[in-house]
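Structure first, then comments.
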Amino acid sequence: MVNANIARIRDTFKLAQKLTKNFKEIIPKIIEENPRVLLVFRILAKLTQEEAKKKIDPSFGDYETGRIRKLRKKEKIARLFNFAKNVLEELEGQDIEKIFNTNLEFLLFPQRRDNIKNKIRTAVIKRIREQNYFEVLKKSSKREKIREEERFVANCLNARKILFHHWIGRVNVDIFIPDEEVAIFITKINSKRYSTRTILLERVSLRGLRLKKLFPQITTVCIVFSNFPVTPHQEILLHDSFDKVLINPSKDEISPLATRWG
């Protein structure tokens with residue numbers, strides 16, 4: 001049955017290819033007299049039949065299966081013609097047949113996508129197992145983008161050397177000032193939920209505790225940028241883990257961090 005459907009679809013592709021002069025020209029009359037070629041444009045648009053019914057026309061399935069052999073309403077013809085025309089305009093200059101075949105497999109065999117994802121996932125897990133886990137994390141931290149709040153803190157510091165996303169032992173530090181051995185952890189909180197904010201602070205607290213356990217001589221600092229108040233309980237949690245805690249600090253409060261203390 002699947003093979004029969006594919007054969008029918010490929011025949012419809014050849015028909016659409018012929019009527020549009022290899023997808024170079026399209027006129028409303030093509031859609032009016034051959035509504036089943038809409039199947040080809042749906043696949044080129046990478047839409048399932050259900051998606052086409054919702055976005056374009058509820059009778060889309062009847063057109064592409066041939067149950068409706070000719071269109072009569074001008075408004076409907078115009079809408080469907082514009083859809084087909086827009087698809088071709090978006091794909092202008094590209095290999096139409098290659099795109100069609102790729103999209104056809106994507107739409108007809110969704111399980112293959114899952115199989116590919118599973119293979120990729122298995123390969124990643126295998127790679128991590130074969131290597132040192134912390135080495136993998138260390139390399140990934142180096143590829144992290146410097147966040148806006150991290151850039152702001154760095155610009156406020158008066159330090160000769162600043163290292164972003166620096167891996168110390170088994171802990172990733174957002175900003176490290178090697179000359180002064182100051183490690184800065186930066187957290188930005190936008191969530192309205194108290195529990196989510198607490199979880200984020202607990203995570204950064206754990207990182208601070210682990211670093212302090214591995215390297216007691218390093219001065220640890222936690223900077224929190226939050227759109228919502230940090231509760232006394234949350235502040236105590238941070239103070240238990242870091243040498244210094246700053247909540248929504250100004251530039252003047254951040255700049256002294258480049259000087260070691262304690």
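Identifiers in this document derive from the order of the structure tokens: chains are assigned A, B, ..., residues are numbered from 1 separately in each chain, and ligands are numbered from 1 in order of occurrence.
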Practice prompt. Fewer than 6 positions away in the same chain doesn't count, so skip those; otherwise give me all residues within 10 Å of Ile6 of chain A, counting only C-alpha atoms, as a list of chain:residue names.
Written response: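 Those residues are A:Thr12, A:Leu104, A:Glu105, A:Leu108.
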Discussion item. Write out as a ChimeraX atom specification the set of residues from segment 17-241 of chain A that DSSP, computed on the backbone, places in alpha helix (DSSP H).
Written reply: /A:17-19,28-33,38-44,49-55,60-64,74-90,96-108,110-130,133-142,148-156,194-214,232-239
Could you pull out the residues in segment 161-218 of chain A that DSSP calls strand (DSSP E or B) from the backbone, as a compact mmCIF listing (two decimals) with N, CA and C atoms, in the first residue's frame?
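Writing done, so here's result-v3.txt:
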# COMPACT_ATOMS: atom_id res chain seq x y z
N LEU A 163 39.01 35.51 32.61
CA LEU A 163 38.73 34.28 31.89
C LEU A 163 37.23 33.97 31.99
N PHE A 164 36.58 33.83 30.83
CA PHE A 164 35.16 33.49 30.81
C PHE A 164 35.00 31.97 30.76
N HIS A 165 33.99 31.46 31.47
CA HIS A 165 33.66 30.04 31.47
C HIS A 165 34.91 29.19 31.68
N HIS A 166 35.59 29.52 32.75
CA HIS A 166 36.86 28.85 33.07
C HIS A 166 36.58 27.62 33.92
N TRP A 167 37.18 26.50 33.55
CA TRP A 167 36.98 25.23 34.24
C TRP A 167 38.04 25.06 35.31
N ILE A 168 37.60 25.02 36.57
CA ILE A 168 38.53 24.85 37.69
C ILE A 168 38.20 23.54 38.38
N VAL A 171 34.52 22.28 38.28
CA VAL A 171 33.50 23.32 38.37
C VAL A 171 33.71 24.35 37.26
N ASN A 172 32.63 24.70 36.58
CA ASN A 172 32.68 25.73 35.56
C ASN A 172 32.37 27.08 36.20
N VAL A 173 33.34 28.00 36.10
CA VAL A 173 33.19 29.33 36.69
C VAL A 173 32.88 30.33 35.59
N ASP A 174 31.88 31.18 35.81
CA ASP A 174 31.48 32.14 34.78
C ASP A 174 32.59 33.13 34.46
N ILE A 175 33.19 33.70 35.50
CA ILE A 175 34.32 34.62 35.32
C ILE A 175 35.38 34.30 36.37
N PHE A 176 36.62 34.16 35.92
CA PHE A 176 37.73 33.90 36.84
C PHE A 176 38.81 34.94 36.64
N ILE A 177 39.27 35.54 37.76
CA ILE A 177 40.35 36.52 37.72
C ILE A 177 41.58 35.82 38.28
N VAL A 182 40.02 35.02 42.10
CA VAL A 182 38.63 35.34 42.41
C VAL A 182 37.74 34.66 41.38
N ALA A 183 36.81 33.85 41.86
CA ALA A 183 35.86 33.14 40.98
C ALA A 183 34.48 33.76 41.15
N ILE A 184 33.88 34.17 40.02
CA ILE A 184 32.58 34.85 40.06
C ILE A 184 31.53 33.98 39.36
N PHE A 185 30.46 33.69 40.08
CA PHE A 185 29.33 32.94 39.53
C PHE A 185 28.19 33.93 39.30
N ILE A 186 27.64 33.92 38.11
CA ILE A 186 26.62 34.91 37.75
C ILE A 186 25.33 34.21 37.36
N THR A 187 24.23 34.63 37.98
CA THR A 187 22.93 34.02 37.70
C THR A 187 21.90 35.10 37.40
N LYS A 188 21.15 34.89 36.31
CA LYS A 188 20.07 35.81 35.96
C LYS A 188 18.74 35.08 36.12
N ILE A 189 17.80 35.69 36.83
CA ILE A 189 16.53 35.04 37.13
C ILE A 189 15.38 35.88 36.59
Worksheet item: With distances taken over only C-alpha atoms, which of A:Val230, A:Leu157, A:Leu209, A:Ile31 is nearest to Ala78 of chain A?
Response: A:Ile31
Practice prompt. Have a look at A:Glu202, A:Asp243, A:Asp62, A:Asp179 and name the one nearest to Leu39 of chain A; count only C-alpha atoms.
Written response: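 When distances to Leu39 of chain A are compared using only C-alpha atoms, the smallest one comes from A:Asp62.
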Fill in: Point-to-point distance from atom CA of Ile77 of chain A to atom CA of Ala45 of chain A, Å rounded to tenths
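A separation of 18.1 Å between them.
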Worksheet item: Closest to Ile199 of chain A among A:Leu71, A:Gln234, A:Ile9, A:Lys212, using only C-alpha atoms?
Response: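 Of A:Leu71, A:Gln234, A:Ile9, A:Lys212, the one nearest Ile199 of chain A, counting only C-alpha atoms, is A:Gln234.
Nearest to Asn103 of chain A of all the residues A:Val204, A:Ile247, A:Ala16, A:Leu47 is A:Leu47, based on only C-alpha atoms.
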Per residue of segment 205-246 of chain A within 10 Å of segment 144-150 of chain A, record the nearest atom pair and its distance in Å to one decimal, counting only C-alpha atoms, with rows in chain order and ascending residue number, as a tab-separated table.
residue	atom	partner	partner_atom	distance
A:Ile223	CA	A:Glu149	CA	9.6
A:Val224	CA	A:Glu149	CA	9.5
A:Phe225	CA	A:Glu149	CA	7.9
Fill in: Distance criterion (only C-alpha atoms): nearest to Thr48 of chain A out of A:Glu75, A:Thr20, A:Phe106, A:Arg10
A:Phe106
Discussion item. What's the separation between atom CA of Glu180 of chain A and atom CA of Ala258 of chain A, in Å to one decimal place?
Written reply: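 Atom-to-atom, atom CA of Glu180 of chain A to atom CA of Ala258 of chain A, that is 6.9 Å.
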Worksheet, complete the sentence: With distances taken over only C-alpha atoms, the candidate from A:Pro58, A:Pro229, A:Pro35, A:Gly93 nearest Lys70 of chain A is A:Pro35
